[in-house]
>>> print(open('final_29.pdb').read())   # PDB, C-alpha atoms
ATOM      1  CA  LEU T   1       0.000   0.000   0.000  1.00  0.00           C
ATOM      2  CA  LEU T   2       2.837   2.368   0.886  1.00  0.00           C
ATOM      3  CA  CYS T   3       4.500   1.627  -2.477  1.00  0.00           C
ATOM      4  CA  PHE T   4       1.306   2.456  -4.411  1.00  0.00           C
ATOM      5  CA  LYS T   5       0.922   5.653  -2.396  1.00  0.00           C
ATOM      6  CA  THR T   6       4.480   6.741  -3.234  1.00  0.00           C
ATOM      7  CA  ILE T   7       3.954   6.068  -6.961  1.00  0.00           C
ATOM      8  CA  ALA T   8       0.721   8.056  -6.916  1.00  0.00           C
ATOM      9  CA  GLN T   9       2.415  10.980  -5.173  1.00  0.00           C
ATOM     10  CA  GLU T  10       5.225  10.972  -7.757  1.00  0.00           C
ATOM     11  CA  ALA T  11       2.714  10.885 -10.623  1.00  0.00           C
ATOM     12  CA  VAL T  12       0.809  13.844  -9.167  1.00  0.00           C
ATOM     13  CA  ALA T  13       4.058  15.775  -8.654  1.00  0.00           C
ATOM     14  CA  GLU T  14       5.107  15.106 -12.265  1.00  0.00           C
ATOM     15  CA  ALA T  15       1.697  16.233 -13.539  1.00  0.00           C
ATOM     16  CA  ILE T  16       2.015  19.475 -11.612  1.00  0.00           C
ATOM     17  CA  THR T  17       5.665  20.014 -12.585  1.00  0.00           C
ATOM     18  CA  PRO T  18       6.355  18.347 -15.974  1.00  0.00           C
ATOM     19  CA  ARG T  19       9.760  16.736 -16.330  1.00  0.00           C
ATOM     20  CA  ILE T  20      12.301  18.734 -18.335  1.00  0.00           C
ATOM     21  CA  PRO T  21      13.251  16.826 -21.519  1.00  0.00           C
ATOM     22  CA  ARG T  22      16.800  15.526 -21.192  1.00  0.00           C
ATOM     23  CA  LEU T  23      17.329  15.087 -24.929  1.00  0.00           C
ATOM     24  CA  GLU T  24      15.588  16.793 -27.850  1.00  0.00           C
ATOM     25  CA  LEU T  25      15.874  16.227 -31.597  1.00  0.00           C
ATOM     26  CA  GLY T  26      14.262  18.429 -34.198  1.00  0.00           C
ATOM     27  CA  LEU T  27      14.291  20.461 -37.384  1.00  0.00           C
ATOM     28  CA  LYS T  28      14.579  24.183 -38.014  1.00  0.00           C
ATOM     29  CA  ALA T  29      14.266  26.563 -40.965  1.00  0.00           C
ATOM     30  CA  GLY T  30      14.570  30.273 -41.525  1.00  0.00           C
ATOM     31  CA  LEU T  31      16.022  33.193 -43.447  1.00  0.00           C
ATOM     32  CA  ASN T  32      19.498  34.722 -43.610  1.00  0.00           C
ATOM     33  CA  TYR T  33      20.064  38.436 -43.962  1.00  0.00           C
ATOM     34  CA  ASN T  34      23.671  38.503 -45.119  1.00  0.00           C
ATOM     35  CA  THR T  35      26.077  41.436 -45.025  1.00  0.00           C
ATOM     36  CA  LEU T  36      29.867  41.730 -44.863  1.00  0.00           C
ATOM     37  CA  GLN T  37      32.675  42.993 -42.683  1.00  0.00           C
ATOM     38  CA  MET T  38      35.524  44.201 -44.898  1.00  0.00           C
ATOM     39  CA  GLU T  39      39.148  44.903 -44.075  1.00  0.00           C
ATOM     40  CA  GLY T  40      41.204  47.426 -46.010  1.00  0.00           C
ATOM     41  CA  ALA T  41      38.438  47.716 -48.583  1.00  0.00           C
ATOM     42  CA  PRO T  42      38.417  50.228 -51.438  1.00  0.00           C
ATOM     43  CA  ALA T  43      35.214  52.004 -52.433  1.00  0.00           C
ATOM     44  CA  PHE T  44      33.044  48.910 -52.593  1.00  0.00           C
ATOM     45  CA  SER T  45      29.307  49.401 -52.217  1.00  0.00           C
ATOM     46  CA  ILE T  46      27.603  46.346 -50.701  1.00  0.00           C
ATOM     47  CA  GLU T  47      24.008  45.304 -51.310  1.00  0.00           C
ATOM     48  CA  THR T  48      22.818  42.793 -48.728  1.00  0.00           C
ATOM     49  CA  LYS T  49      20.779  39.795 -49.828  1.00  0.00           C
ATOM     50  CA  THR T  50      18.360  37.352 -48.211  1.00  0.00           C
ATOM     51  CA  GLY T  51      18.974  33.595 -48.302  1.00  0.00           C
ATOM     52  CA  TYR T  52      17.730  30.400 -46.695  1.00  0.00           C
ATOM     53  CA  VAL T  53      18.927  28.380 -43.706  1.00  0.00           C
ATOM     54  CA  GLY T  54      17.676  25.035 -42.431  1.00  0.00           C
ATOM     55  CA  GLY T  55      18.670  21.721 -40.930  1.00  0.00           C
ATOM     56  CA  ALA T  56      18.561  19.573 -37.814  1.00  0.00           C
ATOM     57  CA  PHE T  57      19.500  20.001 -34.156  1.00  0.00           C
ATOM     58  CA  ALA T  58      20.071  17.981 -31.006  1.00  0.00           C
ATOM     59  CA  SER T  59      19.995  19.501 -27.532  1.00  0.00           C
ATOM     60  CA  LEU T  60      21.021  18.028 -24.194  1.00  0.00           C
ATOM     61  CA  ALA T  61      19.801  19.555 -20.931  1.00  0.00           C
ATOM     62  CA  PHE T  62      22.243  19.528 -18.006  1.00  0.00           C
ATOM     63  CA  ASN T  63      19.616  20.902 -15.641  1.00  0.00           C
ATOM     64  CA  GLU T  64      16.739  23.365 -15.624  1.00  0.00           C
ATOM     65  CA  TYR T  65      18.988  26.314 -16.458  1.00  0.00           C
ATOM     66  CA  LEU T  66      21.809  25.025 -18.709  1.00  0.00           C
ATOM     67  CA  GLY T  67      22.089  22.829 -21.789  1.00  0.00           C
ATOM     68  CA  LEU T  68      24.145  22.115 -24.879  1.00  0.00           C
ATOM     69  CA  LYS T  69      22.875  22.361 -28.449  1.00  0.00           C
ATOM     70  CA  ALA T  70      24.489  21.072 -31.665  1.00  0.00           C
ATOM     71  CA  GLU T  71      23.159  21.861 -35.134  1.00  0.00           C
ATOM     72  CA  ALA T  72      23.865  20.868 -38.734  1.00  0.00           C
ATOM     73  CA  LEU T  73      22.589  23.479 -41.192  1.00  0.00           C
ATOM     74  CA  ILE T  74      22.692  24.318 -44.877  1.00  0.00           C
ATOM     75  CA  SER T  75      22.987  28.095 -45.157  1.00  0.00           C
ATOM     76  CA  GLN T  76      22.904  30.408 -48.179  1.00  0.00           C
ATOM     77  CA  LYS T  77      25.089  33.497 -47.782  1.00  0.00           C
ATOM     78  CA  SER T  78      25.027  35.861 -50.761  1.00  0.00           C
ATOM     79  CA  PHE T  79      25.941  39.447 -51.507  1.00  0.00           C
ATOM     80  CA  SER T  80      26.262  41.895 -54.358  1.00  0.00           C
ATOM     81  CA  GLY T  81      28.774  44.748 -54.579  1.00  0.00           C
ATOM     82  CA  SER T  82      29.781  47.434 -57.028  1.00  0.00           C
ATOM     83  CA  ASN T  83      33.154  49.081 -57.594  1.00  0.00           C
ATOM     84  CA  HIS T  84      35.016  51.365 -59.985  1.00  0.00           C
ATOM     85  CA  VAL T  85      38.317  50.113 -61.432  1.00  0.00           C
ATOM     86  CA  ASP T  86      40.405  51.623 -64.262  1.00  0.00           C
ATOM     87  CA  SER T  87      37.635  54.034 -65.310  1.00  0.00           C
ATOM     88  CA  SER T  88      35.122  51.177 -65.545  1.00  0.00           C
ATOM     89  CA  ASN T  89      32.250  50.123 -63.329  1.00  0.00           C
ATOM     90  CA  TYR T  90      31.372  46.554 -62.425  1.00  0.00           C
ATOM     91  CA  VAL T  91      28.913  44.680 -60.210  1.00  0.00           C
ATOM     92  CA  PHE T  92      30.063  41.460 -58.530  1.00  0.00           C
ATOM     93  CA  THR T  93      27.433  39.016 -57.204  1.00  0.00           C
ATOM     94  CA  ARG T  94      28.321  35.965 -55.138  1.00  0.00           C
ATOM     95  CA  SER T  95      25.869  33.218 -54.151  1.00  0.00           C
ATOM     96  CA  ALA T  96      27.397  30.710 -51.738  1.00  0.00           C
ATOM     97  CA  ALA T  97      26.051  27.746 -49.775  1.00  0.00           C
ATOM     98  CA  TYR T  98      27.705  26.598 -46.561  1.00  0.00           C
ATOM     99  CA  LEU T  99      27.352  23.701 -44.178  1.00  0.00           C
ATOM    100  CA  ASP T 100      27.267  25.319 -40.737  1.00  0.00           C
ATOM    101  CA  PHE T 101      27.883  23.389 -37.519  1.00  0.00           C
ATOM    102  CA  PRO T 102      27.162  25.543 -34.438  1.00  0.00           C
ATOM    103  CA  LEU T 103      27.937  24.159 -30.964  1.00  0.00           C
ATOM    104  CA  LEU T 104      26.009  26.275 -28.496  1.00  0.00           C
ATOM    105  CA  LEU T 105      25.638  26.697 -24.762  1.00  0.00           C
ATOM    106  CA  GLN T 106      21.969  27.133 -23.824  1.00  0.00           C
ATOM    107  CA  ILE T 107      21.257  29.487 -20.928  1.00  0.00           C
ATOM    108  CA  LYS T 108      17.645  29.293 -19.743  1.00  0.00           C
ATOM    109  CA  PRO T 109      16.462  32.248 -17.639  1.00  0.00           C
ATOM    110  CA  ALA T 110      12.909  30.955 -18.111  1.00  0.00           C
ATOM    111  CA  LYS T 111      11.324  27.759 -19.411  1.00  0.00           C
ATOM    112  CA  TRP T 112      10.075  29.549 -22.534  1.00  0.00           C
ATOM    113  CA  PHE T 113      13.150  31.776 -23.109  1.00  0.00           C
ATOM    114  CA  HIS T 114      16.678  30.591 -23.947  1.00  0.00           C
ATOM    115  CA  ILE T 115      19.923  32.395 -24.768  1.00  0.00           C
ATOM    116  CA  VAL T 116      22.420  30.553 -26.981  1.00  0.00           C
ATOM    117  CA  VAL T 117      26.080  31.362 -27.596  1.00  0.00           C
ATOM    118  CA  GLY T 118      29.057  29.465 -28.980  1.00  0.00           C
ATOM    119  CA  PRO T 119      31.446  28.767 -31.869  1.00  0.00           C
ATOM    120  CA  GLN T 120      30.477  27.736 -35.396  1.00  0.00           C
ATOM    121  CA  TYR T 121      32.396  25.795 -38.039  1.00  0.00           C
ATOM    122  CA  SER T 122      31.451  26.510 -41.676  1.00  0.00           C
ATOM    123  CA  TYR T 123      32.370  24.587 -44.819  1.00  0.00           C
ATOM    124  CA  LEU T 124      31.779  26.047 -48.283  1.00  0.00           C
ATOM    125  CA  VAL T 125      29.928  23.504 -50.467  1.00  0.00           C
ATOM    126  CA  SER T 126      29.094  25.617 -53.517  1.00  0.00           C
ATOM    127  CA  VAL T 127      29.724  29.099 -54.889  1.00  0.00           C
ATOM    128  CA  SER T 128      28.545  30.946 -57.978  1.00  0.00           C
ATOM    129  CA  ASP T 129      29.963  34.308 -59.092  1.00  0.00           C
ATOM    130  CA  ARG T 130      28.532  36.714 -61.673  1.00  0.00           C
ATOM    131  CA  VAL T 131      30.205  39.906 -62.864  1.00  0.00           C
ATOM    132  CA  LYS T 132      28.647  42.624 -65.009  1.00  0.00           C
ATOM    133  CA  GLY T 133      30.708  45.593 -66.121  1.00  0.00           C
ATOM    134  CA  ASP T 134      31.288  48.327 -68.679  1.00  0.00           C
ATOM    135  CA  ASP T 135      34.450  46.548 -69.759  1.00  0.00           C
ATOM    136  CA  GLY T 136      33.981  42.861 -70.575  1.00  0.00           C
ATOM    137  CA  GLU T 137      37.683  42.074 -70.172  1.00  0.00           C
ATOM    138  CA  LEU T 138      37.776  43.728 -66.765  1.00  0.00           C
ATOM    139  CA  ALA T 139      34.691  41.735 -65.693  1.00  0.00           C
ATOM    140  CA  LYS T 140      36.416  38.490 -66.675  1.00  0.00           C
ATOM    141  CA  ALA T 141      39.578  39.500 -64.818  1.00  0.00           C
ATOM    142  CA  VAL T 142      37.632  40.377 -61.642  1.00  0.00           C
ATOM    143  CA  LYS T 143      35.858  37.026 -61.708  1.00  0.00           C
ATOM    144  CA  ALA T 144      39.074  35.094 -62.378  1.00  0.00           C
ATOM    145  CA  GLU T 145      41.160  36.674 -59.624  1.00  0.00           C
ATOM    146  CA  ASN T 146      38.522  36.102 -56.940  1.00  0.00           C
ATOM    147  CA  THR T 147      38.216  32.342 -57.274  1.00  0.00           C
ATOM    148  CA  LYS T 148      40.486  31.688 -54.290  1.00  0.00           C
ATOM    149  CA  ILE T 149      38.150  31.482 -51.327  1.00  0.00           C
ATOM    150  CA  SER T 150      38.493  29.797 -47.953  1.00  0.00           C
ATOM    151  CA  TYR T 151      36.495  26.572 -47.796  1.00  0.00           C
ATOM    152  CA  ASN T 152      36.806  26.245 -44.014  1.00  0.00           C
ATOM    153  CA  ASN T 153      35.961  28.931 -41.515  1.00  0.00           C
ATOM    154  CA  ILE T 154      35.482  29.339 -37.780  1.00  0.00           C
ATOM    155  CA  GLY T 155      33.031  31.903 -36.476  1.00  0.00           C
ATOM    156  CA  GLY T 156      30.822  32.711 -33.525  1.00  0.00           C
ATOM    157  CA  CYS T 157      27.095  33.062 -32.986  1.00  0.00           C
ATOM    158  CA  ALA T 158      24.673  34.242 -30.348  1.00  0.00           C
ATOM    159  CA  GLY T 159      20.912  34.447 -30.223  1.00  0.00           C
ATOM    160  CA  VAL T 160      17.630  33.879 -28.438  1.00  0.00           C
ATOM    161  CA  GLU T 161      14.884  31.254 -28.593  1.00  0.00           C
ATOM    162  CA  PHE T 162      11.232  31.474 -27.557  1.00  0.00           C
ATOM    163  CA  THR T 163       9.680  28.050 -26.982  1.00  0.00           C
ATOM    164  CA  PHE T 164       6.009  27.080 -27.162  1.00  0.00           C
ATOM    165  CA  LYS T 165       5.937  23.392 -26.183  1.00  0.00           C
ATOM    166  CA  ARG T 166       7.403  21.614 -29.251  1.00  0.00           C
ATOM    167  CA  VAL T 167       7.449  24.690 -31.495  1.00  0.00           C
ATOM    168  CA  TRP T 168       9.904  27.543 -31.055  1.00  0.00           C
ATOM    169  CA  VAL T 169      10.987  30.707 -32.838  1.00  0.00           C
ATOM    170  CA  TRP T 170      14.549  31.961 -32.875  1.00  0.00           C
ATOM    171  CA  GLY T 171      16.792  34.856 -33.866  1.00  0.00           C
ATOM    172  CA  ARG T 172      20.559  34.730 -34.184  1.00  0.00           C
ATOM    173  CA  TYR T 173      23.647  36.719 -35.146  1.00  0.00           C
ATOM    174  CA  ASN T 174      26.639  35.010 -36.816  1.00  0.00           C
ATOM    175  CA  VAL T 175      30.033  36.431 -37.757  1.00  0.00           C
ATOM    176  CA  ASP T 176      33.147  34.822 -39.237  1.00  0.00           C
ATOM    177  CA  PHE T 177      36.448  35.152 -37.389  1.00  0.00           C
ATOM    178  CA  GLU T 178      38.521  34.684 -40.555  1.00  0.00           C
ATOM    179  CA  ASN T 179      38.412  36.189 -44.042  1.00  0.00           C
ATOM    180  CA  ASN T 180      36.579  34.229 -46.715  1.00  0.00           C
ATOM    181  CA  ASN T 181      38.520  35.837 -49.553  1.00  0.00           C
ATOM    182  CA  TRP T 182      41.932  34.833 -48.298  1.00  0.00           C
ATOM    183  CA  ASN T 183      43.992  36.211 -51.214  1.00  0.00           C
ATOM    184  CA  GLY T 184      42.731  39.764 -50.471  1.00  0.00           C
ATOM    185  CA  THR T 185      42.670  41.153 -54.007  1.00  0.00           C
ATOM    186  CA  ASN T 186      42.081  44.809 -54.716  1.00  0.00           C
ATOM    187  CA  SER T 187      38.954  44.343 -56.814  1.00  0.00           C
ATOM    188  CA  LEU T 188      37.149  42.245 -54.215  1.00  0.00           C
ATOM    189  CA  PRO T 189      38.417  43.025 -50.710  1.00  0.00           C
ATOM    190  CA  ALA T 190      39.012  40.499 -47.969  1.00  0.00           C
ATOM    191  CA  TYR T 191      35.707  40.047 -46.175  1.00  0.00           C
ATOM    192  CA  LYS T 192      33.949  38.214 -43.369  1.00  0.00           C
ATOM    193  CA  ASN T 193      30.351  37.029 -43.543  1.00  0.00           C
ATOM    194  CA  GLU T 194      28.045  38.715 -41.053  1.00  0.00           C
ATOM    195  CA  VAL T 195      24.603  37.109 -40.923  1.00  0.00           C
ATOM    196  CA  TYR T 196      21.356  37.875 -39.105  1.00  0.00           C
ATOM    197  CA  GLN T 197      18.919  34.942 -38.934  1.00  0.00           C
ATOM    198  CA  VAL T 198      15.272  34.391 -37.963  1.00  0.00           C
ATOM    199  CA  GLY T 199      13.207  31.226 -38.168  1.00  0.00           C
ATOM    200  CA  VAL T 200      11.098  28.528 -36.560  1.00  0.00           C
ATOM    201  CA  GLY T 201      11.868  25.065 -35.199  1.00  0.00           C
ATOM    202  CA  PHE T 202      10.058  21.903 -34.187  1.00  0.00           C
ATOM    203  CA  SER T 203      11.082  19.221 -31.678  1.00  0.00           C
ATOM    204  CA  PHE T 204       9.868  15.864 -32.999  1.00  0.00           C
ATOM    205  CA  PHE T 205      11.580  13.708 -30.334  1.00  0.00           C
ATOM    206  CA  ARG T 206      11.946  14.209 -26.594  1.00  0.00           C
ATOM    207  CA  LEU T 207      13.394  11.918 -23.953  1.00  0.00           C
TER     208      LEU T 207
END
>>> encode(input="final_29.pdb", output="C-alpha coordinates")
Amino acid sequence: LLCFKTIAQEAVAEAITPRIPRLELGLKAGLNYNTLQMEGAPAFSIETKTGYVGGAFASLAFNEYLGLKAEALISQKSFSGSNHVDSSNYVFTRSAAYLDFPLLLQIKPAKWFHIVVGPQYSYLVSVSDRVKGDDGELAKAVKAENTKISYNNIGGCAGVEFTFKRVWVWGRYNVDFENNNWNGTNSLPAYKNEVYQVGVGFSFFRL
(Lines of atoms letter the chains of each structure in order from A and count residues from 1; the text may use other names and numbers.)
(Lines give C-alpha, C1' and ligand atoms only; values in the text may rest on other atoms or scores of the structure.)
Protein backbone atom coordinates (compact mmCIF):
# COMPACT_ATOMS: atom_id res chain seq x y z
CA LEU A 1 0.00 0.00 0.00
CA LEU A 2 2.84 2.37 0.89
CA CYS A 3 4.50 1.63 -2.48
CA PHE A 4 1.31 2.46 -4.41
CA LYS A 5 0.92 5.65 -2.40
CA THR A 6 4.48 6.74 -3.23
CA ILE A 7 3.95 6.07 -6.96
CA ALA A 8 0.72 8.06 -6.92
CA GLN A 9 2.42 10.98 -5.17
CA GLU A 10 5.22 10.97 -7.76
CA ALA A 11 2.71 10.89 -10.62
CA VAL A 12 0.81 13.84 -9.17
CA ALA A 13 4.06 15.78 -8.65
CA GLU A 14 5.11 15.11 -12.26
CA ALA A 15 1.70 16.23 -13.54
CA ILE A 16 2.02 19.47 -11.61
CA THR A 17 5.66 20.01 -12.59
CA PRO A 18 6.35 18.35 -15.97
CA ARG A 19 9.76 16.74 -16.33
CA ILE A 20 12.30 18.73 -18.33
CA PRO A 21 13.25 16.83 -21.52
CA ARG A 22 16.80 15.53 -21.19
CA LEU A 23 17.33 15.09 -24.93
CA GLU A 24 15.59 16.79 -27.85
CA LEU A 25 15.87 16.23 -31.60
CA GLY A 26 14.26 18.43 -34.20
CA LEU A 27 14.29 20.46 -37.38
CA LYS A 28 14.58 24.18 -38.01
CA ALA A 29 14.27 26.56 -40.96
CA GLY A 30 14.57 30.27 -41.52
CA LEU A 31 16.02 33.19 -43.45
CA ASN A 32 19.50 34.72 -43.61
CA TYR A 33 20.06 38.44 -43.96
CA ASN A 34 23.67 38.50 -45.12
CA THR A 35 26.08 41.44 -45.02
CA LEU A 36 29.87 41.73 -44.86
CA GLN A 37 32.68 42.99 -42.68
CA MET A 38 35.52 44.20 -44.90
CA GLU A 39 39.15 44.90 -44.07
CA GLY A 40 41.20 47.43 -46.01
CA ALA A 41 38.44 47.72 -48.58
CA PRO A 42 38.42 50.23 -51.44
CA ALA A 43 35.21 52.00 -52.43
CA PHE A 44 33.04 48.91 -52.59
CA SER A 45 29.31 49.40 -52.22
CA ILE A 46 27.60 46.35 -50.70
CA GLU A 47 24.01 45.30 -51.31
CA THR A 48 22.82 42.79 -48.73
CA LYS A 49 20.78 39.79 -49.83
CA THR A 50 18.36 37.35 -48.21
CA GLY A 51 18.97 33.59 -48.30
CA TYR A 52 17.73 30.40 -46.70
CA VAL A 53 18.93 28.38 -43.71
CA GLY A 54 17.68 25.04 -42.43
CA GLY A 55 18.67 21.72 -40.93
CA ALA A 56 18.56 19.57 -37.81
CA PHE A 57 19.50 20.00 -34.16
CA ALA A 58 20.07 17.98 -31.01
CA SER A 59 19.99 19.50 -27.53
CA LEU A 60 21.02 18.03 -24.19
CA ALA A 61 19.80 19.56 -20.93
CA PHE A 62 22.24 19.53 -18.01
CA ASN A 63 19.62 20.90 -15.64
CA GLU A 64 16.74 23.37 -15.62
CA TYR A 65 18.99 26.31 -16.46
CA LEU A 66 21.81 25.03 -18.71
CA GLY A 67 22.09 22.83 -21.79
CA LEU A 68 24.15 22.12 -24.88
CA LYS A 69 22.87 22.36 -28.45
CA ALA A 70 24.49 21.07 -31.67
CA GLU A 71 23.16 21.86 -35.13
CA ALA A 72 23.86 20.87 -38.73
CA LEU A 73 22.59 23.48 -41.19
CA ILE A 74 22.69 24.32 -44.88
CA SER A 75 22.99 28.09 -45.16
CA GLN A 76 22.90 30.41 -48.18
CA LYS A 77 25.09 33.50 -47.78
CA SER A 78 25.03 35.86 -50.76
CA PHE A 79 25.94 39.45 -51.51
CA SER A 80 26.26 41.90 -54.36
CA GLY A 81 28.77 44.75 -54.58
CA SER A 82 29.78 47.43 -57.03
CA ASN A 83 33.15 49.08 -57.59
CA HIS A 84 35.02 51.37 -59.98
CA VAL A 85 38.32 50.11 -61.43
CA ASP A 86 40.40 51.62 -64.26
CA SER A 87 37.64 54.03 -65.31
CA SER A 88 35.12 51.18 -65.54
CA ASN A 89 32.25 50.12 -63.33
CA TYR A 90 31.37 46.55 -62.42
CA VAL A 91 28.91 44.68 -60.21
CA PHE A 92 30.06 41.46 -58.53
CA THR A 93 27.43 39.02 -57.20
CA ARG A 94 28.32 35.97 -55.14
CA SER A 95 25.87 33.22 -54.15
CA ALA A 96 27.40 30.71 -51.74
CA ALA A 97 26.05 27.75 -49.78
CA TYR A 98 27.71 26.60 -46.56
CA LEU A 99 27.35 23.70 -44.18
CA ASP A 100 27.27 25.32 -40.74
CA PHE A 101 27.88 23.39 -37.52
CA PRO A 102 27.16 25.54 -34.44
CA LEU A 103 27.94 24.16 -30.96
CA LEU A 104 26.01 26.28 -28.50
CA LEU A 105 25.64 26.70 -24.76
CA GLN A 106 21.97 27.13 -23.82
CA ILE A 107 21.26 29.49 -20.93
CA LYS A 108 17.64 29.29 -19.74
CA PRO A 109 16.46 32.25 -17.64
CA ALA A 110 12.91 30.96 -18.11
CA LYS A 111 11.32 27.76 -19.41
CA TRP A 112 10.08 29.55 -22.53
CA PHE A 113 13.15 31.78 -23.11
CA HIS A 114 16.68 30.59 -23.95
CA ILE A 115 19.92 32.40 -24.77
CA VAL A 116 22.42 30.55 -26.98
CA VAL A 117 26.08 31.36 -27.60
CA GLY A 118 29.06 29.46 -28.98
CA PRO A 119 31.45 28.77 -31.87
CA GLN A 120 30.48 27.74 -35.40
CA TYR A 121 32.40 25.80 -38.04
CA SER A 122 31.45 26.51 -41.68
CA TYR A 123 32.37 24.59 -44.82
CA LEU A 124 31.78 26.05 -48.28
CA VAL A 125 29.93 23.50 -50.47
CA SER A 126 29.09 25.62 -53.52
CA VAL A 127 29.72 29.10 -54.89
CA SER A 128 28.55 30.95 -57.98
CA ASP A 129 29.96 34.31 -59.09
CA ARG A 130 28.53 36.71 -61.67
CA VAL A 131 30.21 39.91 -62.86
CA LYS A 132 28.65 42.62 -65.01
CA GLY A 133 30.71 45.59 -66.12
CA ASP A 134 31.29 48.33 -68.68
CA ASP A 135 34.45 46.55 -69.76
CA GLY A 136 33.98 42.86 -70.57
CA GLU A 137 37.68 42.07 -70.17
CA LEU A 138 37.78 43.73 -66.77
CA ALA A 139 34.69 41.73 -65.69
CA LYS A 140 36.42 38.49 -66.67
CA ALA A 141 39.58 39.50 -64.82
CA VAL A 142 37.63 40.38 -61.64
CA LYS A 143 35.86 37.03 -61.71
CA ALA A 144 39.07 35.09 -62.38
CA GLU A 145 41.16 36.67 -59.62
CA ASN A 146 38.52 36.10 -56.94
CA THR A 147 38.22 32.34 -57.27
CA LYS A 148 40.49 31.69 -54.29
CA ILE A 149 38.15 31.48 -51.33
CA SER A 150 38.49 29.80 -47.95
CA TYR A 151 36.50 26.57 -47.80
CA ASN A 152 36.81 26.24 -44.01
CA ASN A 153 35.96 28.93 -41.51
CA ILE A 154 35.48 29.34 -37.78
CA GLY A 155 33.03 31.90 -36.48
CA GLY A 156 30.82 32.71 -33.52
CA CYS A 157 27.10 33.06 -32.99
CA ALA A 158 24.67 34.24 -30.35
CA GLY A 159 20.91 34.45 -30.22
CA VAL A 160 17.63 33.88 -28.44
CA GLU A 161 14.88 31.25 -28.59
CA PHE A 162 11.23 31.47 -27.56
CA THR A 163 9.68 28.05 -26.98
CA PHE A 164 6.01 27.08 -27.16
CA LYS A 165 5.94 23.39 -26.18
CA ARG A 166 7.40 21.61 -29.25
CA VAL A 167 7.45 24.69 -31.50
CA TRP A 168 9.90 27.54 -31.05
CA VAL A 169 10.99 30.71 -32.84
CA TRP A 170 14.55 31.96 -32.87
CA GLY A 171 16.79 34.86 -33.87
CA ARG A 172 20.56 34.73 -34.18
CA TYR A 173 23.65 36.72 -35.15
CA ASN A 174 26.64 35.01 -36.82
CA VAL A 175 30.03 36.43 -37.76
CA ASP A 176 33.15 34.82 -39.24
CA PHE A 177 36.45 35.15 -37.39
CA GLU A 178 38.52 34.68 -40.56
CA ASN A 179 38.41 36.19 -44.04
CA ASN A 180 36.58 34.23 -46.72
CA ASN A 181 38.52 35.84 -49.55
CA TRP A 182 41.93 34.83 -48.30
CA ASN A 183 43.99 36.21 -51.21
CA GLY A 184 42.73 39.76 -50.47
CA THR A 185 42.67 41.15 -54.01
CA ASN A 186 42.08 44.81 -54.72
CA SER A 187 38.95 44.34 -56.81
CA LEU A 188 37.15 42.25 -54.22
CA PRO A 189 38.42 43.02 -50.71
CA ALA A 190 39.01 40.50 -47.97
CA TYR A 191 35.71 40.05 -46.17
CA LYS A 192 33.95 38.21 -43.37
CA ASN A 193 30.35 37.03 -43.54
CA GLU A 194 28.04 38.72 -41.05
CA VAL A 195 24.60 37.11 -40.92
CA TYR A 196 21.36 37.88 -39.10
CA GLN A 197 18.92 34.94 -38.93
CA VAL A 198 15.27 34.39 -37.96
CA GLY A 199 13.21 31.23 -38.17
CA VAL A 200 11.10 28.53 -36.56
CA GLY A 201 11.87 25.07 -35.20
CA PHE A 202 10.06 21.90 -34.19
CA SER A 203 11.08 19.22 -31.68
CA PHE A 204 9.87 15.86 -33.00
CA PHE A 205 11.58 13.71 -30.33
CA ARG A 206 11.95 14.21 -26.59
CA LEU A 207 13.39 11.92 -23.95
>>> atom_distance(input="final_29.pdb", atom1="CA of Leu27 (chain T)", atom2="CA of Ala58 (chain T)")
9.0 Å
>>> resolve_selection(input="final_29.pdb", expression="the PyMOL selection byres ((chain T and resi 20-25) around 7)", output="list in words")
Pro18, Arg19, Gly26, Phe57, Ala58, Ser59, Leu60, Ala61, Glu64, Ser203, Phe204, Phe205, Arg206 and Leu207 of chain T
>>> closest_residue(input="final_29.pdb", among="T:Val91, T:Val175, T:Val200, T:Asn32", to="Gly136 (chain T)", atoms="only C-alpha atoms")
T:Val91
>>> residues_around(input="final_29.pdb", residues="Leu66 (chain T)", least_positions_apart="4", cutoff="12 Å", atoms="all atoms listed in the file", output="MDAnalysis selection string")
chainID T and resid 20 22 59:62 104:111 113:117
>>> closest_residue(input="final_29.pdb", among="T:Glu39, T:Asp135, T:Glu71, T:Glu161", to="Tyr191 (chain T)", atoms="only C-alpha atoms")
T:Glu39
